[in-house]
Each structure stands twice: as structure tokens, then as C-alpha cells.
file structure.txt (compact mmCIF, C-alpha atoms)
# COMPACT_ATOMS: atom_id res chain seq x y z
CA LEU A 1 65.99 -32.71 -137.45
CA LEU A 2 66.44 -29.55 -135.44
CA LEU A 3 63.90 -28.63 -132.79
CA ALA A 4 64.18 -24.91 -133.43
CA GLN A 5 65.56 -23.85 -136.78
CA GLU A 6 67.18 -20.43 -137.00
CA VAL A 7 64.72 -17.97 -138.50
CA ARG A 8 66.53 -15.08 -140.16
CA GLY A 9 64.71 -11.85 -140.81
CA ALA A 10 61.65 -12.96 -138.86
CA SER A 11 60.24 -11.06 -135.90
CA ILE A 12 57.92 -12.16 -133.14
CA GLU A 13 55.23 -9.61 -132.52
CA PRO A 14 54.17 -8.87 -128.92
CA GLY A 15 51.14 -10.98 -128.13
CA ALA A 16 52.04 -13.62 -130.72
CA ASP A 17 52.03 -17.28 -129.73
CA MET A 18 55.34 -17.40 -127.89
CA LYS A 19 55.30 -21.10 -127.01
CA ARG A 20 55.29 -22.54 -130.53
CA PRO A 21 58.70 -23.77 -131.75
CA THR A 22 59.80 -23.91 -135.36
CA GLY A 23 60.68 -27.07 -137.28
CA TYR A 24 58.86 -30.41 -137.08
CA LEU A 25 57.00 -29.48 -133.90
CA GLU A 26 55.64 -26.33 -135.49
CA ALA A 27 54.33 -28.39 -138.40
CA SER A 28 52.28 -30.48 -135.96
CA GLY A 29 50.73 -27.42 -134.29
CA PHE A 30 52.73 -28.14 -131.14
CA LYS A 31 52.74 -25.72 -128.22
CA TYR A 32 54.84 -26.05 -125.07
CA GLU A 33 52.61 -26.71 -122.09
CA PRO A 34 53.56 -27.74 -118.55
CA CYS A 35 54.85 -31.31 -118.72
CA LYS A 36 52.70 -33.94 -117.04
CA VAL A 37 54.83 -36.12 -114.76
CA VAL A 38 53.83 -39.70 -113.94
CA ALA A 39 55.41 -41.26 -110.85
CA GLU A 40 55.39 -44.95 -111.73
CA ILE A 41 55.09 -46.65 -108.36
CA GLY A 42 54.29 -49.93 -110.08
CA CYS A 43 54.87 -52.69 -107.55
CA ASN A 44 57.44 -50.77 -105.52
CA HIS A 45 54.89 -50.81 -102.67
CA MET A 46 55.91 -54.45 -102.10
CA GLY A 47 52.30 -55.47 -101.56
CA ASP A 48 51.79 -53.08 -98.64
CA MET A 49 48.91 -50.56 -98.84
CA LYS A 50 50.52 -48.34 -96.23
CA ILE A 51 53.67 -48.05 -98.36
CA ALA A 52 51.56 -47.49 -101.48
CA LYS A 53 49.81 -44.53 -99.89
CA GLU A 54 53.07 -43.17 -98.54
CA LEU A 55 54.56 -43.29 -102.04
CA MET A 56 51.49 -41.50 -103.44
CA LYS A 57 51.89 -38.75 -100.87
CA LEU A 58 55.60 -38.44 -101.61
CA ALA A 59 54.87 -38.27 -105.35
CA LYS A 60 52.33 -35.53 -104.76
CA ASP A 61 54.75 -33.57 -102.56
CA CYS A 62 57.37 -33.85 -105.34
CA GLY A 63 54.95 -32.25 -107.80
CA ALA A 64 53.99 -35.32 -109.84
CA THR A 65 50.69 -35.12 -111.70
CA TYR A 66 49.89 -38.83 -111.45
CA ALA A 67 50.82 -41.73 -109.17
CA LYS A 68 50.62 -44.90 -111.24
CA PHE A 69 50.45 -48.56 -110.28
CA GLN A 70 50.24 -51.91 -112.11
CA LYS A 71 47.47 -54.49 -112.26
CA ARG A 72 47.91 -58.13 -113.30
CA CYS A 73 45.94 -61.33 -113.07
CA ALA A 74 48.91 -63.65 -112.72
CA LYS A 75 47.08 -66.88 -113.58
CA GLU A 76 45.68 -65.33 -116.75
CA LEU A 77 48.88 -63.62 -117.79
CA LEU A 78 51.36 -66.45 -117.14
CA THR A 79 51.57 -69.93 -118.56
CA GLU A 80 51.49 -72.76 -116.02
CA GLU A 81 55.23 -73.24 -116.55
CA GLN A 82 55.95 -69.52 -115.99
CA TYR A 83 53.71 -69.45 -112.93
CA ASN A 84 55.42 -72.40 -111.25
CA LYS A 85 59.00 -71.44 -112.03
CA PRO A 86 61.10 -69.80 -109.31
CA HIS A 87 61.74 -66.08 -109.57
CA PRO A 88 64.81 -65.50 -111.79
CA VAL A 89 66.34 -63.28 -109.09
CA PRO A 90 65.64 -65.02 -105.77
CA ALA A 91 66.77 -62.02 -103.73
CA ASN A 92 63.86 -60.03 -105.17
CA ALA A 93 61.24 -62.76 -104.76
CA PHE A 94 58.15 -62.37 -102.57
CA GLY A 95 57.05 -65.99 -103.11
CA ASP A 96 58.36 -69.50 -103.72
CA THR A 97 57.40 -69.35 -107.40
CA TYR A 98 57.19 -66.48 -109.86
CA GLY A 99 53.41 -66.79 -109.82
CA ALA A 100 53.27 -66.64 -106.03
CA HIS A 101 55.60 -63.64 -106.17
CA ARG A 102 53.26 -61.83 -108.57
CA GLU A 103 50.19 -62.70 -106.50
CA PHE A 104 51.83 -61.29 -103.37
CA LEU A 105 52.41 -57.93 -105.06
CA GLU A 106 48.90 -57.56 -106.47
CA PHE A 107 46.22 -55.26 -105.11
CA SER A 108 42.54 -56.11 -105.55
CA LYS A 109 40.08 -53.93 -107.43
CA GLU A 110 38.80 -52.67 -104.07
CA GLN A 111 42.30 -51.71 -102.97
CA HIS A 112 42.87 -49.80 -106.23
CA LEU A 113 39.57 -47.99 -105.63
CA GLU A 114 40.86 -47.08 -102.18
CA LEU A 115 44.08 -45.73 -103.70
CA HIS A 116 42.08 -43.76 -106.29
CA LYS A 117 40.01 -42.21 -103.50
CA TYR A 118 43.12 -41.46 -101.46
CA GLY A 119 44.70 -39.69 -104.42
CA LYS A 120 41.67 -37.44 -104.71
CA GLU A 121 41.94 -36.63 -101.02
CA ILE A 122 45.60 -35.58 -101.15
CA GLY A 123 45.65 -33.99 -104.62
CA VAL A 124 47.35 -36.47 -106.94
CA GLU A 125 45.61 -38.50 -109.66
CA TRP A 126 45.63 -42.30 -109.63
CA ALA A 127 46.39 -44.38 -112.72
CA THR A 128 47.54 -47.91 -113.45
CA SER A 129 48.98 -50.13 -116.13
CA VAL A 130 46.99 -53.24 -117.05
CA TRP A 131 48.54 -56.45 -118.30
CA ASP A 132 45.58 -58.69 -119.23
CA VAL A 133 41.89 -58.69 -120.10
CA THR A 134 40.64 -59.39 -116.57
CA SER A 135 42.72 -56.54 -115.14
CA ALA A 136 41.60 -54.19 -117.93
CA ARG A 137 37.92 -54.96 -117.31
CA GLU A 138 38.33 -54.37 -113.58
CA MET A 139 40.28 -51.14 -113.89
CA ILE A 140 38.02 -49.50 -116.50
CA GLU A 141 35.37 -49.38 -113.77
CA ILE A 142 37.52 -46.89 -111.84
CA PRO A 143 36.84 -43.34 -113.14
CA CYS A 144 40.38 -42.36 -114.14
CA ASP A 145 41.90 -40.16 -116.84
CA PHE A 146 43.92 -42.91 -118.49
CA LEU A 147 45.06 -46.51 -118.32
CA LYS A 148 48.48 -47.60 -119.51
CA VAL A 149 49.53 -50.53 -121.68
CA PRO A 150 53.09 -51.68 -120.87
CA SER A 151 55.55 -52.46 -123.64
CA ALA A 152 55.25 -56.17 -122.87
CA CYS A 153 51.53 -56.20 -123.69
CA ASN A 154 51.10 -53.74 -126.55
CA ASN A 155 50.53 -56.71 -128.88
CA HIS A 156 47.71 -58.10 -126.69
CA PHE A 157 44.90 -57.01 -129.00
CA GLU A 158 42.14 -58.66 -127.01
CA MET A 159 43.09 -56.43 -124.09
CA LEU A 160 43.57 -53.42 -126.37
CA GLN A 161 40.06 -53.95 -127.68
CA VAL A 162 38.65 -53.74 -124.15
CA LEU A 163 40.49 -50.48 -123.58
CA ARG A 164 39.53 -49.07 -126.98
CA ASP A 165 35.87 -50.07 -126.99
CA GLU A 166 34.78 -50.30 -123.34
CA PHE A 167 36.89 -47.61 -121.62
CA LYS A 168 36.09 -43.92 -121.97
CA GLY A 169 39.45 -42.48 -120.92
CA ASP A 170 42.74 -42.17 -122.77
CA VAL A 171 44.95 -45.16 -123.50
CA HIS A 172 48.70 -44.74 -123.06
CA VAL A 173 50.94 -47.26 -124.81
CA SER A 174 54.67 -47.80 -124.29
CA THR A 175 56.78 -48.95 -127.25
CA GLY A 176 59.80 -50.62 -125.67
CA MET A 177 60.91 -53.91 -127.30
CA THR A 178 58.47 -53.12 -130.14
CA THR A 179 59.12 -52.93 -133.88
CA LYS A 180 58.02 -50.01 -136.05
CA GLU A 181 55.56 -52.35 -137.75
CA GLU A 182 54.07 -53.33 -134.39
CA ILE A 183 53.65 -49.66 -133.39
CA GLU A 184 51.86 -49.04 -136.68
CA GLU A 185 49.53 -51.97 -135.99
CA VAL A 186 48.55 -50.48 -132.62
CA VAL A 187 47.85 -47.06 -134.10
CA LYS A 188 45.81 -48.53 -136.95
CA PHE A 189 43.86 -50.64 -134.47
CA PHE A 190 42.74 -47.50 -132.63
CA GLU A 191 42.13 -45.68 -135.91
CA GLU A 192 39.62 -48.37 -136.91
CA LYS A 193 37.22 -46.90 -134.34
CA GLY A 194 38.36 -43.27 -134.64
CA ALA A 195 40.02 -43.46 -131.22
CA ALA A 196 43.68 -42.80 -132.06
CA LYS A 197 43.67 -39.04 -132.55
CA THR A 198 41.41 -38.39 -129.57
CA ARG A 199 42.54 -40.97 -127.01
CA LEU A 200 45.87 -42.66 -127.88
CA VAL A 201 49.18 -41.52 -126.33
CA ILE A 202 52.36 -43.19 -127.59
CA TYR A 203 55.49 -43.37 -125.40
CA ASN A 204 59.06 -43.62 -126.61
CA CYS A 205 60.63 -46.22 -124.33
CA THR A 206 63.54 -48.64 -124.08
CA SER A 207 62.83 -51.75 -121.99
CA GLY A 208 65.73 -52.25 -119.60
CA TYR A 209 66.36 -51.80 -115.87
CA PRO A 210 68.33 -49.57 -115.86
CA VAL A 211 68.97 -48.35 -119.44
CA PRO A 212 72.37 -46.82 -120.31
CA PHE A 213 72.14 -43.42 -121.97
CA GLU A 214 73.29 -44.68 -125.36
CA ASP A 215 70.27 -47.03 -125.44
CA VAL A 216 67.65 -44.43 -124.50
CA CYS A 217 67.44 -43.43 -128.19
CA MET A 218 65.70 -40.14 -127.42
CA LEU A 219 65.52 -39.06 -131.07
CA GLU A 220 62.85 -41.71 -131.56
CA ILE A 221 60.55 -38.98 -130.24
CA CYS A 222 61.28 -37.04 -133.45
CA ARG A 223 60.41 -40.07 -135.55
CA LEU A 224 57.18 -40.60 -133.63
CA TYR A 225 56.23 -36.99 -134.34
CA GLU A 226 57.04 -37.39 -138.02
CA GLN A 227 54.99 -40.58 -138.24
CA TYR A 228 52.14 -39.96 -135.83
CA ALA A 229 51.77 -36.28 -134.86
CA ASP A 230 48.56 -35.99 -136.87
CA ARG A 231 47.34 -39.50 -136.03
CA VAL A 232 47.55 -39.83 -132.22
CA LYS A 233 46.62 -37.54 -129.36
CA GLU A 234 50.09 -37.01 -127.85
CA ILE A 235 53.68 -38.27 -127.78
CA ALA A 236 55.32 -39.11 -124.45
CA PHE A 237 58.50 -40.54 -122.90
CA SER A 238 58.96 -43.34 -120.37
CA GLY A 239 62.50 -43.43 -119.00
CA HIS A 240 64.27 -46.31 -117.29
CA HIS A 241 67.65 -44.57 -117.13
CA LEU A 242 69.51 -43.44 -114.03
CA GLY A 243 69.28 -39.87 -112.77
CA ILE A 244 67.51 -36.87 -114.27
CA ALA A 245 70.11 -35.47 -116.67
CA ILE A 246 68.23 -36.21 -119.89
CA ASP A 247 64.49 -35.93 -119.15
CA VAL A 248 64.38 -32.25 -120.08
CA ALA A 249 65.69 -33.31 -123.50
CA ALA A 250 62.57 -35.47 -123.96
CA TYR A 251 60.37 -32.52 -123.05
CA THR A 252 62.34 -30.28 -125.41
CA LEU A 253 61.84 -32.76 -128.26
CA GLY A 254 58.11 -32.67 -127.66
CA ALA A 255 57.18 -35.24 -124.98
CA LYS A 256 53.96 -34.09 -123.32
CA TRP A 257 54.31 -36.70 -120.58
CA ILE A 258 57.36 -37.90 -118.66
CA GLU A 259 57.03 -41.20 -116.78
CA ARG A 260 59.66 -42.34 -114.28
CA HIS A 261 59.69 -45.24 -111.86
CA PHE A 262 59.46 -44.00 -108.28
CA THR A 263 60.40 -45.40 -104.89
CA LYS A 264 61.27 -44.19 -101.42
CA ASN A 265 64.48 -46.20 -101.22
CA ARG A 266 66.39 -47.62 -104.20
CA ALA A 267 67.89 -50.27 -101.94
CA TRP A 268 64.50 -51.82 -101.16
CA LYS A 269 63.74 -55.39 -102.24
CA GLY A 270 62.37 -55.68 -105.77
CA THR A 271 63.28 -55.49 -109.45
CA ASP A 272 62.30 -51.89 -110.23
CA HIS A 273 63.78 -49.97 -107.29
CA ALA A 274 67.26 -49.73 -108.82
CA ALA A 275 65.90 -47.97 -111.91
CA SER A 276 63.62 -45.68 -109.90
CA LEU A 277 63.90 -42.11 -108.69
CA GLU A 278 63.76 -41.36 -104.98
CA PRO A 279 61.85 -38.28 -103.74
CA ALA A 280 64.84 -35.95 -104.03
CA GLY A 281 65.35 -36.94 -107.65
CA LEU A 282 61.68 -36.73 -108.63
CA GLY A 283 61.35 -33.33 -106.96
CA LYS A 284 64.34 -31.97 -108.88
CA LEU A 285 63.00 -33.44 -112.12
CA VAL A 286 59.67 -31.63 -111.68
CA ARG A 287 61.54 -28.43 -110.80
CA ASP A 288 63.69 -28.69 -113.93
CA LEU A 289 60.70 -29.36 -116.19
CA HIS A 290 58.91 -26.30 -114.79
CA ALA A 291 62.01 -24.19 -115.42
CA ALA A 292 62.25 -25.52 -118.97
CA HIS A 293 58.61 -24.63 -119.63
CA GLN A 294 59.26 -21.08 -118.46
CA CYS A 295 62.28 -20.66 -120.72
CA PHE A 296 60.70 -22.00 -123.92
CA THR A 297 59.70 -18.72 -125.50
CA TYR A 298 60.98 -16.09 -127.93
CA LYS A 299 61.99 -12.56 -127.07
CA ALA A 300 58.94 -10.30 -127.20
CA THR A 301 61.22 -7.35 -128.01
CA ASP A 302 64.76 -7.12 -129.31
CA VAL A 303 65.96 -5.85 -125.94
CA LEU A 304 64.11 -7.10 -122.87
CA ASP A 305 63.35 -4.92 -119.87
CA ILE A 306 65.80 -6.96 -117.79
CA GLU A 307 68.55 -6.03 -120.30
CA ASN A 308 67.99 -2.27 -120.42
CA GLU A 309 70.09 -1.42 -117.38
CA GLN A 310 72.96 -3.57 -118.63
CA ARG A 311 72.66 -2.12 -122.12
CA ASP A 312 72.85 1.44 -120.76
CA LYS A 313 75.88 0.53 -118.65
CA LEU A 314 77.84 -1.87 -120.84
CA LYS A 315 76.94 -1.49 -124.51
CA TYR A 316 79.89 -0.14 -126.47
CA ARG A 317 79.07 3.28 -127.87
CA LYS A 318 82.25 5.42 -127.84
CA LYS A 319 83.77 6.13 -131.25
CA GLN A 320 87.54 6.35 -130.98
CA LYS A 321 90.76 5.45 -132.71
CA VAL A 322 91.69 1.79 -132.67
CA ASN A 323 95.13 2.59 -131.16
CA ALA A 324 93.86 5.18 -128.68
CA CYS A 325 95.14 3.20 -125.67
CA THR A 326 98.72 3.23 -126.95
CA GLU A 327 98.98 6.90 -127.79
call {"tool": "encode", "arguments": {"input": "structure.txt", "output": "C-alpha cells"}}
result
Amino acid sequence: LLLAQEVRGASIEPGADMKRPTGYLEASGFKYEPCKVVAEIGCNHMGDMKIAKELMKLAKDCGATYAKFQKRCAKELLTEEQYNKPHPVPANAFGDTYGAHREFLEFSKEQHLELHKYGKEIGVEWATSVWDVTSAREMIEIPCDFLKVPSACNNHFEMLQVLRDEFKGDVHVSTGMTTKEEIEEVVKFFEEKGAAKTRLVIYNCTSGYPVPFEDVCMLEICRLYEQYADRVKEIAFSGHHLGIAIDVAAYTLGAKWIERHFTKNRAWKGTDHAASLEPAGLGKLVRDLHAAHQCFTYKATDVLDIENEQRDKLKYRKKQKVNACTE
């Protein structure tokens, strides 16, 4: 599929809707709007509230719309065997067992409320992913725009039911390591209560840290539009790749949200730092997305005002013999 098919013989009248592309996006009633950027802090705060707030402030200064965290109840989420096993990468461990490691990185409900309040104070919205029923029930009490379901838990229908039926905000769901049939099950689950079209946001995602470009599979955004444009609220993109070279492509293909892991220092201890953007990278990403939004339009007139001077100066207009220069 092409994002913008060539339209021959068509003209765009001044005052027409200049932000609507042709092709599959046009069929869905799509209009380019400023992209919403989620700085996924996750657990990159390393269990330190001071670092968490610093990362929120950095995300805000970079132009991110949301600073997002993660919330788990380790003893509910993990089996006893998983809880008591050592961390698979000891250098990244914050505890003697994987369970102790997870507990160390967790913030309480009260601490998340504090971060939510701090975000309001500095001008960036708070959000979080939830991984289990207990975490979902705690976090729905915080008045936020959305809660996120990570790829690992999008088949946890008991938790999804809490978010669908007891939460008033939007529910964002990542689709890494998820089959097409499983995505369909999630959408149908929300459709059962009429909540998919009004509250469900689906993210194209590949679960890896980091993900090589050939495994990003960005054209899945096109497939999600074909399958779900008229069934869910919005389509989004969560990237675990390195750098910022391809995020504008996701926005071009129709992603309304771009989520990227965020840290202050990629060399810090922890699993996610290596696949995260530092402030310089996030700031440039936001800059590039703003520039892309500005450029996604048609010409209002055949010759723009900015072109008139160059047209008067450079446009070929002299009628002469082809071999005039050799005579």
C-alpha cells in the first residue's frame, strides 16, 4: 500500500482539508495531527524517586507529552519458581533473586500519586503500564488519561477486564510477541462492551531490546489500519530500536502515538537503558516529528508565494533556436 497515491487531474482548493492523505489513511478519515510522544521511563529510575522526577523533567524539557512508568505486583505476577530464581543477567540485578530485583524497582501507589502530581506541576502528563490485576486496580484510582498494557500481558483477560470495566480512561495495548488471532481477541473483548472504538489504542511493536531495523516490521501499521481503523480509537507505535532514524516513518504511516524508552544515561545499570533514548535523542525525535507534521500538506496553489521570486528569476521563458549558442 502507498501512503499517498498520485492523484492526477485533481486540485486542492484553498481552505480544503490540507492534512488528509490519500490511500488507506484517507479511507479511515485520518488527519495528520501533532504526534503524541510517550517517554517510557519504565524502571529506568532504578527504584529512586529523585531519579524518577529528574527523568520526568528531562522528558518534559525534550517535548514529550507523557512520562510513563511501570507497575507490577511481583508476587502476583511471578510464579514461586520465577520469583526465587536469580536474575538472568546478574550485572543488571538489584536483588539476590529476580523477585527481590523486581520488588526493589517498584514504586508504591502513593509514590505514583506523587509522580502524577509532580507531572502536573512541571507540565508533563503521568502514565504507567500495569502488569497484573492488583496493579491495575491501584493505578485506575489515579486520574490519568490512559493506562498501558505491555505486550507480555495483553492475554491477561482478568486484568483487561478491570481496565475495560472499572477504568474510565483509554487503554493502550502493545502487540509485540502477539499473534494476529490474539490481537483480534483483545479487540473483540473491548468491543463486547462498546469500548474498543472509543477507548482502545493498539500499538505496533516488536519485543526485543534492542530490535534491529529489519525486525521492526513497520508496515504492520498499515495492516492494523486495514484491520482495525474503524474498530479501535487509534493506532500507535512502540519502538525498541536504536536511534531515531525510523520513527518519522511510523508517524507517516499513521501512528498517532510514538513511545520510546527513555533514560538519562544508556550506560546505567538495568535491562532497558541500552534500548532507550537519552535526552539529546528524544529532543531531536520530538523536533523531527514536529517538522514532519508541518510538512504533511498539499500545495494550496500551483505556485506558492515562496516560489514566486524564484519563478520570476529562473523559469525558462525565452524562445530561441536550439543551436543558438553555437551560431
call {"tool": "residues_around", "arguments": {"input": "structure.txt", "residues": "segment 257-261 of chain A", "least_positions_apart": "4", "cutoff": "10 Å", "atoms": "all atoms listed in the file", "output": "PyMOL selection string"}}
result
chain A and resi 34-44+64-69+201-205+234-242+244+247-248+250-251+272-278+282+285-286+289
call {"tool": "write_last_selection", "arguments": {"input": "structure.txt", "atoms": "C-alpha atoms", "output": "PDB file, in the frame of the given file"}}
result
ATOM      1  CA  PRO A  34      53.560 -27.740-118.550  1.00  0.00           C
ATOM      2  CA  CYS A  35      54.850 -31.310-118.720  1.00  0.00           C
ATOM      3  CA  LYS A  36      52.700 -33.940-117.040  1.00  0.00           C
ATOM      4  CA  VAL A  37      54.830 -36.120-114.760  1.00  0.00           C
ATOM      5  CA  VAL A  38      53.830 -39.700-113.940  1.00  0.00           C
ATOM      6  CA  ALA A  39      55.410 -41.260-110.850  1.00  0.00           C
ATOM      7  CA  GLU A  40      55.390 -44.950-111.730  1.00  0.00           C
ATOM      8  CA  ILE A  41      55.090 -46.650-108.360  1.00  0.00           C
ATOM      9  CA  GLY A  42      54.290 -49.930-110.080  1.00  0.00           C
ATOM     10  CA  CYS A  43      54.870 -52.690-107.550  1.00  0.00           C
ATOM     11  CA  ASN A  44      57.440 -50.770-105.520  1.00  0.00           C
ATOM     12  CA  ALA A  64      53.990 -35.320-109.840  1.00  0.00           C
ATOM     13  CA  THR A  65      50.690 -35.120-111.700  1.00  0.00           C
ATOM     14  CA  TYR A  66      49.890 -38.830-111.450  1.00  0.00           C
ATOM     15  CA  ALA A  67      50.820 -41.730-109.170  1.00  0.00           C
ATOM     16  CA  LYS A  68      50.620 -44.900-111.240  1.00  0.00           C
ATOM     17  CA  PHE A  69      50.450 -48.560-110.280  1.00  0.00           C
ATOM     18  CA  VAL A 201      49.180 -41.520-126.330  1.00  0.00           C
ATOM     19  CA  ILE A 202      52.360 -43.190-127.590  1.00  0.00           C
ATOM     20  CA  TYR A 203      55.490 -43.370-125.400  1.00  0.00           C
ATOM     21  CA  ASN A 204      59.060 -43.620-126.610  1.00  0.00           C
ATOM     22  CA  CYS A 205      60.630 -46.220-124.330  1.00  0.00           C
ATOM     23  CA  GLU A 234      50.090 -37.010-127.850  1.00  0.00           C
ATOM     24  CA  ILE A 235      53.680 -38.270-127.780  1.00  0.00           C
ATOM     25  CA  ALA A 236      55.320 -39.110-124.450  1.00  0.00           C
ATOM     26  CA  PHE A 237      58.500 -40.540-122.900  1.00  0.00           C
ATOM     27  CA  SER A 238      58.960 -43.340-120.370  1.00  0.00           C
ATOM     28  CA  GLY A 239      62.500 -43.430-119.000  1.00  0.00           C
ATOM     29  CA  HIS A 240      64.270 -46.310-117.290  1.00  0.00           C
ATOM     30  CA  HIS A 241      67.650 -44.570-117.130  1.00  0.00           C
ATOM     31  CA  LEU A 242      69.510 -43.440-114.030  1.00  0.00           C
ATOM     32  CA  ILE A 244      67.510 -36.870-114.270  1.00  0.00           C
ATOM     33  CA  ASP A 247      64.490 -35.930-119.150  1.00  0.00           C
ATOM     34  CA  VAL A 248      64.380 -32.250-120.080  1.00  0.00           C
ATOM     35  CA  ALA A 250      62.570 -35.470-123.960  1.00  0.00           C
ATOM     36  CA  TYR A 251      60.370 -32.520-123.050  1.00  0.00           C
ATOM     37  CA  ASP A 272      62.300 -51.890-110.230  1.00  0.00           C
ATOM     38  CA  HIS A 273      63.780 -49.970-107.290  1.00  0.00           C
ATOM     39  CA  ALA A 274      67.260 -49.730-108.820  1.00  0.00           C
ATOM     40  CA  ALA A 275      65.900 -47.970-111.910  1.00  0.00           C
ATOM     41  CA  SER A 276      63.620 -45.680-109.900  1.00  0.00           C
ATOM     42  CA  LEU A 277      63.900 -42.110-108.690  1.00  0.00           C
ATOM     43  CA  GLU A 278      63.760 -41.360-104.980  1.00  0.00           C
ATOM     44  CA  LEU A 282      61.680 -36.730-108.630  1.00  0.00           C
ATOM     45  CA  LEU A 285      63.000 -33.440-112.120  1.00  0.00           C
ATOM     46  CA  VAL A 286      59.670 -31.630-111.680  1.00  0.00           C
ATOM     47  CA  LEU A 289      60.700 -29.360-116.190  1.00  0.00           C
TER      48      LEU A 289
END
call {"tool": "atom_distance", "arguments": {"input": "structure.txt", "atom1": "atom CA of Ser207 of chain A", "atom2": "atom CA of Ser151 of chain A"}}
result
7.5 Å
call {"tool": "residues_around", "arguments": {"input": "structure.txt", "residues": "Asp165 of chain A", "least_positions_apart": "5", "cutoff": "10 Å", "atoms": "only C-alpha atoms", "output": "JSON, numbers by chain"}}
result
{"A": [160, 190, 193, 195]}
call {"tool": "atom_distance", "arguments": {"input": "structure.txt", "atom1": "atom CA of Ile122 of chain A", "atom2": "atom CA of Tyr32 of chain A"}}
result
27.4 Å
call {"tool": "closest_residue", "arguments": {"input": "structure.txt", "among": "A:Thr252, A:Thr97, A:Arg266, A:Lys180", "to": "Cys295 of chain A", "atoms": "all atoms listed in the file"}}
result
A:Thr252
call {"tool": "residues_around", "arguments": {"input": "structure.txt", "residues": "segment 223-228 of chain A", "least_positions_apart": "6", "cutoff": "12 Å", "atoms": "only C-alpha atoms", "output": "ChimeraX atom specification"}}
result
/A:1,3,23-30,175,180-181,183-184,186-188,191,196-197,200-205,217,234-237,253-256
